[in-house]
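Following: one structure in structure tokens, then a few remarks.
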Amino acid sequence: MTPPSDNSSAAPEAVEIVEVGPRDGLQNDPTLIDTGVKLEFITRLIEAGVRRLEAASFVNPKLVPAMADGDAVMAGVPRDRGVTYIGLALNERGLRRAIDAGCDEINFVMVASEGFGRANQNATPEETADLLERIAVLAHDADIPLSATISVAFGDPFDGEVDAGRVAQLARRAAAAGACEIALGDTIGAASPWDVRRMVAAVRAAAPEPRLRLHFHNTRNTALANIYAALEAGVRIIDASAGGIGGCPFAPRATGNVATEDVVYMLERGGVRTGIDLDKMIETARWLEQTALRHPVASMLSKAGGFPPAAR
Ligand code: MG
């Protein structure tokens with residue numbers, strides 16, 4: 001084995017943050033907010049510097065009512081700001097709706113384990129891989145980049161431990177189908193930093209081509225440590241949600257996504273560029289809390305503020 005080089009712990013120059021608040025954040029919030037407020041949320045995120053964001057999901061509106069207006073959201077988003085809008089789909093119908101709505105990218109969700117697969121999309125892991133192979137053809141024909149999230153990659157709320165070899169095998173199939181990016185989702189916030197290191201290595205070995213993106217929930221307070229581990233393992237794309245809002249309607253007790261402003265603070269403090277203005281992101285989190293959702297949000301920075309304090 002090659003020993004790590006001296007600069008193996010140097011911070012990366014830049015990290016891309018994919019903002020998932022408008023989709024993953026809002027889909028499980030007890031407050032149903034209307035399309036205009038979602039568009040204000042998206043505009044605020046863009047003002048804060050976000051350039052790639054998950055805007056909507058195209059799933060059964062009976063099962064996820066908060067996302068029923070995906071088409072209207074996409075019809076209203078700013079188009080002149082160089083922003084890439086991602087639409088989430090679980091099947092062919094969703095993929096077609098996302099394309100018709102004008103999404104720039106499609107994110108398809110695979111599952112790493114049976115229990116969550118049944119609850120979230122009524123499919124086994126292998127069935128989600130079969131489906132990905134079929135819809136990848138449609139995305140390719142429409143010339144739209146396709147990414148694949150492997151959800152519950154670090155633990156399933158029903159089945160418990162998830163086998164890294166199985167996650168790697170799903171990643172291999174996603175890469176072979178043409179997914180240009182693979183996201184590993186810690187849907188229930190179960191991972192430790194060492195799990196992250198092992199899983200990234202296993203997935204890289206199985207699927208070296210696609211970019212890797214990591215998606216953490218802070219359910220057990222490990223999200224920032226896991227992000228640090230992911231960056232140490234060479235990952236440069238991280239999902240985060242303003243205010244730390246979100247969860248998953250089909251994963252019991254899966255509390256919020258890691259908060260964008262908490263991630264931005266840690267990275268920028270370490271000299272890592274994110275392109276996101278911390279103060280504006282904090283303002284957005286406070287706006288969510290006070291105006292849009294009217295309940296407290298989980299992030300720390302929206303309470304503490306940044307450091308050092310701004311000059312007055
Ligand atoms: Mg999430």
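How things are named: the first chain in the structure tokens is A, the next is B, and so on; residues count from 1 in each chain; ligands count from 1 in the order shown.
Within the 8 Å cut-off around Gly70 of chain A, using only C-alpha atoms and omitting residues fewer than 3 positions from it on the same chain, the listed residues are Ala55, Ala56, Ser57, Phe58, Met67, Val73, Met74 and Ala101 of chain A.
In the backbone-derived DSSP annotation, strand (DSSP E or B) within segment 98-196 of chain A comprises Glu105, Ile106, Asn107, Phe108, Val109, Met110, Val111, Leu146, Ser147, Ala148, Thr149, Ile150, Ser151, Asp156, Gly160, Glu181, Ile182, Ala183, Leu184, Gly185 and Asp186 of chain A.
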Proximity of chain A to ligand 1: per-residue shortest pair, 9 Å limit, only C-alpha atoms and all ligand atoms, as a Markdown table:
| residue | atom | partner | partner_atom_place_in_ligand_line | distance |
| --- | --- | --- | --- | --- |
| A:Val20 | CA | ligand 1 | 1 (Mg) | 7.6 |
| A:Gly21 | CA | ligand 1 | 1 (Mg) | 8.8 |
| A:Arg23 | CA | ligand 1 | 1 (Mg) | 8.9 |
| A:Asp24 | CA | ligand 1 | 1 (Mg) | 5.3 |
| A:Gly25 | CA | ligand 1 | 1 (Mg) | 7.2 |
| A:Ser151 | CA | ligand 1 | 1 (Mg) | 8.8 |
| A:Gly185 | CA | ligand 1 | 1 (Mg) | 7.2 |
| A:Asp186 | CA | ligand 1 | 1 (Mg) | 7.6 |
| A:Thr187 | CA | ligand 1 | 1 (Mg) | 5.6 |
| A:Ile188 | CA | ligand 1 | 1 (Mg) | 8.2 |
| A:His215 | CA | ligand 1 | 1 (Mg) | 6.5 |
| A:Phe216 | CA | ligand 1 | 1 (Mg) | 6.7 |
| A:His217 | CA | ligand 1 | 1 (Mg) | 6.1 |
| A:Asp239 | CA | ligand 1 | 1 (Mg) | 8.2 |
| A:Ala240 | CA | ligand 1 | 1 (Mg) | 8.1 |
| A:Ser241 | CA | ligand 1 | 1 (Mg) | 8.2 |
| A:Gly246 | CA | ligand 1 | 1 (Mg) | 6.6 |
| A:Gly247 | CA | ligand 1 | 1 (Mg) | 5.8 |
| A:Cys248 | CA | ligand 1 | 1 (Mg) | 6.6 |
| A:Ala254 | CA | ligand 1 | 1 (Mg) | 8.7 |
| A:Thr255 | CA | ligand 1 | 1 (Mg) | 8.8 |
| A:Gly256 | CA | ligand 1 | 1 (Mg) | 7.2 |
| A:Asn257 | CA | ligand 1 | 1 (Mg) | 5.1 |
| A:Val258 | CA | ligand 1 | 1 (Mg) | 8.2 |
Item to check | Contacts of Glu13 of chain A at 10 Å (only C-alpha atoms; same-chain gap of 4+ positions) as a ChimeraX atom specification | outcome: /A:236,267-268,270-274
Write out the residues from the selection above, keeping all heavy atoms, as a PDB file, in the first residue's frame.
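Written out: part-v7.pdb:
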ATOM      1  N   ARG A 236     -15.704  16.031  -4.249  1.00  0.00           N
ATOM      2  CA  ARG A 236     -15.733  17.490  -4.388  1.00  0.00           C
ATOM      3  C   ARG A 236     -17.152  18.031  -4.614  1.00  0.00           C
ATOM      4  O   ARG A 236     -17.315  19.200  -4.950  1.00  0.00           O
ATOM      5  CB  ARG A 236     -14.826  17.928  -5.555  1.00  0.00           C
ATOM      6  CG  ARG A 236     -13.355  17.642  -5.313  1.00  0.00           C
ATOM      7  CD  ARG A 236     -12.791  18.515  -4.194  1.00  0.00           C
ATOM      8  NE  ARG A 236     -11.390  18.221  -3.909  1.00  0.00           N
ATOM      9  CZ  ARG A 236     -10.972  17.389  -2.952  1.00  0.00           C
ATOM     10  NH1 ARG A 236     -11.853  16.744  -2.186  1.00  0.00           N
ATOM     11  NH2 ARG A 236      -9.690  17.193  -2.746  1.00  0.00           N
ATOM     12  N   LEU A 267     -16.322  25.021   5.472  1.00  0.00           N
ATOM     13  CA  LEU A 267     -15.438  24.989   4.312  1.00  0.00           C
ATOM     14  C   LEU A 267     -14.738  26.330   4.118  1.00  0.00           C
ATOM     15  O   LEU A 267     -13.516  26.381   3.950  1.00  0.00           O
ATOM     16  CB  LEU A 267     -16.226  24.602   3.059  1.00  0.00           C
ATOM     17  CG  LEU A 267     -16.809  23.179   3.069  1.00  0.00           C
ATOM     18  CD1 LEU A 267     -17.515  22.898   1.751  1.00  0.00           C
ATOM     19  CD2 LEU A 267     -15.721  22.144   3.309  1.00  0.00           C
ATOM     20  N   GLU A 268     -15.487  27.424   4.119  1.00  0.00           N
ATOM     21  CA  GLU A 268     -14.874  28.727   3.854  1.00  0.00           C
ATOM     22  C   GLU A 268     -13.872  29.078   4.965  1.00  0.00           C
ATOM     23  O   GLU A 268     -12.839  29.679   4.705  1.00  0.00           O
ATOM     24  CB  GLU A 268     -15.958  29.808   3.734  1.00  0.00           C
ATOM     25  CG  GLU A 268     -16.914  29.596   2.553  1.00  0.00           C
ATOM     26  CD  GLU A 268     -16.379  30.137   1.219  1.00  0.00           C
ATOM     27  OE1 GLU A 268     -15.388  30.897   1.234  1.00  0.00           O
ATOM     28  OE2 GLU A 268     -16.958  29.775   0.170  1.00  0.00           O
ATOM     29  N   GLY A 270     -12.043  27.057   6.371  1.00  0.00           N
ATOM     30  CA  GLY A 270     -10.854  26.268   6.051  1.00  0.00           C
ATOM     31  C   GLY A 270     -10.198  26.691   4.748  1.00  0.00           C
ATOM     32  O   GLY A 270      -9.268  26.034   4.278  1.00  0.00           O
ATOM     33  N   GLY A 271     -10.713  27.766   4.127  1.00  0.00           N
ATOM     34  CA  GLY A 271     -10.110  28.241   2.883  1.00  0.00           C
ATOM     35  C   GLY A 271     -10.634  27.551   1.638  1.00  0.00           C
ATOM     36  O   GLY A 271     -10.052  27.678   0.560  1.00  0.00           O
ATOM     37  N   VAL A 272     -11.714  26.799   1.777  1.00  0.00           N
ATOM     38  CA  VAL A 272     -12.286  26.089   0.626  1.00  0.00           C
ATOM     39  C   VAL A 272     -13.390  26.957   0.022  1.00  0.00           C
ATOM     40  O   VAL A 272     -14.341  27.319   0.714  1.00  0.00           O
ATOM     41  CB  VAL A 272     -12.899  24.742   1.067  1.00  0.00           C
ATOM     42  CG1 VAL A 272     -13.450  23.985  -0.137  1.00  0.00           C
ATOM     43  CG2 VAL A 272     -11.873  23.914   1.824  1.00  0.00           C
ATOM     44  N   ARG A 273     -13.262  27.274  -1.257  1.00  0.00           N
ATOM     45  CA  ARG A 273     -14.274  28.120  -1.905  1.00  0.00           C
ATOM     46  C   ARG A 273     -15.536  27.319  -2.202  1.00  0.00           C
ATOM     47  O   ARG A 273     -15.477  26.177  -2.673  1.00  0.00           O
ATOM     48  CB  ARG A 273     -13.733  28.698  -3.212  1.00  0.00           C
ATOM     49  CG  ARG A 273     -12.785  29.864  -3.006  1.00  0.00           C
ATOM     50  CD  ARG A 273     -12.360  30.472  -4.329  1.00  0.00           C
ATOM     51  NE  ARG A 273     -11.424  29.608  -5.052  1.00  0.00           N
ATOM     52  CZ  ARG A 273     -11.731  28.902  -6.136  1.00  0.00           C
ATOM     53  NH1 ARG A 273     -12.934  28.968  -6.659  1.00  0.00           N
ATOM     54  NH2 ARG A 273     -10.822  28.138  -6.713  1.00  0.00           N
ATOM     55  N   THR A 274     -16.682  27.926  -1.906  1.00  0.00           N
ATOM     56  CA  THR A 274     -17.972  27.292  -2.234  1.00  0.00           C
ATOM     57  C   THR A 274     -18.786  28.157  -3.188  1.00  0.00           C
ATOM     58  O   THR A 274     -19.784  27.690  -3.734  1.00  0.00           O
ATOM     59  CB  THR A 274     -18.820  27.090  -0.960  1.00  0.00           C
ATOM     60  OG1 THR A 274     -19.110  28.389  -0.410  1.00  0.00           O
ATOM     61  CG2 THR A 274     -18.097  26.245   0.076  1.00  0.00           C
TER      62      THR A 274
END
Next on the checklist: Here is a test: counting only C-alpha atoms, which residue of A:Ala142, A:Ala171, A:Arg198, A:Ala176 is nearest to Phe154 of chain A?
Outcome noted: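 Comparing A:Ala142, A:Ala171, A:Arg198, A:Ala176 against Phe154 of chain A, the winner is A:Arg198.
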Find the residues near segment 164-166 of chain A: any atom within 10 Å, counting only C-alpha atoms, skip ones fewer than 3 places away on the same chain, and give them as a JSON list (two decimals) with C-alpha atoms, in the first residue's frame.
[["chain", "number", "residue", "atom", "x", "y", "z"],
["A", 112, "ALA", "CA", -29.41, 0.12, -1.58],
["A", 113, "SER", "CA", -31.69, -2.07, 0.52],
["A", 125, "PRO", "CA", -32.40, -2.48, -5.28],
["A", 126, "GLU", "CA", -31.96, -4.54, -8.43],
["A", 153, "ALA", "CA", -26.26, 3.59, 1.17],
["A", 154, "PHE", "CA", -25.06, 3.74, 4.78],
["A", 161, "GLU", "CA", -26.77, -2.47, 7.93],
["A", 169, "GLN", "CA", -22.51, -3.16, -7.59],
["A", 170, "LEU", "CA", -25.38, -0.66, -7.97],
["A", 171, "ALA", "CA", -22.84, 2.08, -8.69],
["A", 172, "ARG", "CA", -21.24, -0.13, -11.34],
["A", 195, "ASP", "CA", -17.89, 4.31, 6.81],
["A", 198, "ARG", "CA", -14.71, 2.79, 3.04],
["A", 199, "MET", "CA", -17.81, 3.36, 0.92],
["A", 200, "VAL", "CA", -16.18, 5.97, -1.31],
["A", 201, "ALA", "CA", -13.26, 3.60, -1.91],
["A", 202, "ALA", "CA", -15.60, 0.69, -2.73],
["A", 203, "VAL", "CA", -17.70, 2.75, -5.12],
["A", 206, "ALA", "CA", -16.45, -0.34, -8.96]]
Next on the checklist: Show me, as a PyMOL selection string, the residues that have an atom within 12 Å of segment 91-97 of chain A when counting only C-alpha atoms, minus same-chain residues fewer than 6 positions from it.
Outcome noted: chain A and resi 56-61+67-72+74+103-110+121-123+127-142+144-147
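By only C-alpha atoms, and with residues fewer than 2 positions from Leu32 of chain A along its chain excluded, the set lying at most 10 Å from it is Leu26, Gln27, Asn28, Asp29, Pro30, Asp34, Thr35, Pro65, Ala66, Met67, Ala292 and Leu293 of chain A.
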Could those residues be written to a file, using all heavy atoms, as a CSV table (one decimal), in the first residue's frame?
chain,number,residue,atom,x,y,z
A,26,LEU,N,-38.1,20.7,1.4
A,26,LEU,CA,-39.5,21.1,1.6
A,26,LEU,C,-40.5,19.8,1.5
A,26,LEU,O,-41.6,19.9,2.0
A,26,LEU,CB,-40.0,22.1,0.5
A,26,LEU,CG,-39.3,23.5,0.6
A,26,LEU,CD1,-39.9,24.3,-0.5
A,26,LEU,CD2,-39.6,24.1,1.9
A,27,GLN,N,-40.0,18.8,0.9
A,27,GLN,CA,-40.9,17.7,0.6
A,27,GLN,C,-41.5,17.1,1.9
A,27,GLN,O,-42.7,16.6,1.9
A,27,GLN,CB,-40.3,16.6,-0.2
A,27,GLN,CG,-39.4,15.7,0.5
A,27,GLN,CD,-39.0,14.4,-0.3
A,27,GLN,OE1,-39.2,14.3,-1.5
A,27,GLN,NE2,-38.3,13.5,0.4
A,28,ASN,N,-40.8,17.2,3.0
A,28,ASN,CA,-41.3,16.5,4.2
A,28,ASN,C,-41.6,17.5,5.3
A,28,ASN,O,-41.9,17.2,6.4
A,28,ASN,CB,-40.2,15.6,4.7
A,28,ASN,CG,-40.7,14.6,5.8
A,28,ASN,OD1,-41.8,14.1,5.6
A,28,ASN,ND2,-40.0,14.3,6.8
A,29,ASP,N,-41.6,18.8,4.9
A,29,ASP,CA,-41.9,19.8,5.9
A,29,ASP,C,-43.4,19.8,6.3
A,29,ASP,O,-44.3,19.6,5.4
A,29,ASP,CB,-41.5,21.2,5.5
A,29,ASP,CG,-41.3,22.1,6.7
A,29,ASP,OD1,-42.3,22.7,7.1
A,29,ASP,OD2,-40.2,22.2,7.1
A,30,PRO,N,-43.8,19.9,7.6
A,30,PRO,CA,-45.2,20.0,7.9
A,30,PRO,C,-45.9,21.1,7.3
A,30,PRO,O,-47.2,21.1,7.2
A,30,PRO,CB,-45.2,20.1,9.4
A,30,PRO,CG,-43.8,20.4,9.8
A,30,PRO,CD,-42.9,20.0,8.7
A,34,ASP,N,-46.8,27.5,-0.9
A,34,ASP,CA,-47.3,27.6,-2.2
A,34,ASP,C,-46.1,27.9,-3.2
A,34,ASP,O,-45.0,28.2,-2.8
A,34,ASP,CB,-48.4,28.6,-2.3
A,34,ASP,CG,-48.1,30.0,-1.9
A,34,ASP,OD1,-46.9,30.3,-2.0
A,34,ASP,OD2,-49.0,30.7,-1.5
A,35,THR,N,-46.5,27.8,-4.5
A,35,THR,CA,-45.4,27.9,-5.5
A,35,THR,C,-44.7,29.2,-5.4
A,35,THR,O,-43.4,29.2,-5.6
A,35,THR,CB,-46.1,27.8,-6.9
A,35,THR,OG1,-46.9,26.6,-6.9
A,35,THR,CG2,-45.1,27.6,-8.0
A,65,PRO,N,-47.5,15.2,-1.6
A,65,PRO,CA,-48.3,16.4,-2.0
A,65,PRO,C,-47.5,17.7,-2.0
A,65,PRO,O,-47.8,18.6,-2.8
A,65,PRO,CB,-49.4,16.5,-0.9
A,65,PRO,CG,-49.2,15.4,0.1
A,65,PRO,CD,-48.1,14.5,-0.4
A,66,ALA,N,-46.4,17.8,-1.2
A,66,ALA,CA,-45.6,19.0,-1.2
A,66,ALA,C,-44.9,19.3,-2.5
A,66,ALA,O,-44.5,20.4,-2.8
A,66,ALA,CB,-44.6,19.0,0.0
A,67,MET,N,-44.8,18.3,-3.3
A,67,MET,CA,-44.1,18.4,-4.6
A,67,MET,C,-45.0,18.4,-5.8
A,67,MET,O,-44.6,18.3,-6.9
A,67,MET,CB,-43.1,17.3,-4.7
A,67,MET,CG,-41.9,17.4,-3.8
A,67,MET,SD,-40.8,18.7,-4.1
A,67,MET,CE,-41.0,19.8,-2.7
A,292,ALA,N,-41.3,31.7,5.9
A,292,ALA,CA,-41.9,30.7,5.0
A,292,ALA,C,-42.4,29.5,5.7
A,292,ALA,O,-43.5,29.0,5.4
A,292,ALA,CB,-40.8,30.2,4.0
A,293,LEU,N,-41.7,28.9,6.7
A,293,LEU,CA,-42.1,27.7,7.4
A,293,LEU,C,-42.7,28.0,8.7
A,293,LEU,O,-43.5,27.2,9.2
A,293,LEU,CB,-41.0,26.7,7.5
A,293,LEU,CG,-40.3,26.4,6.2
A,293,LEU,CD1,-39.1,25.4,6.4
A,293,LEU,CD2,-41.3,25.7,5.2
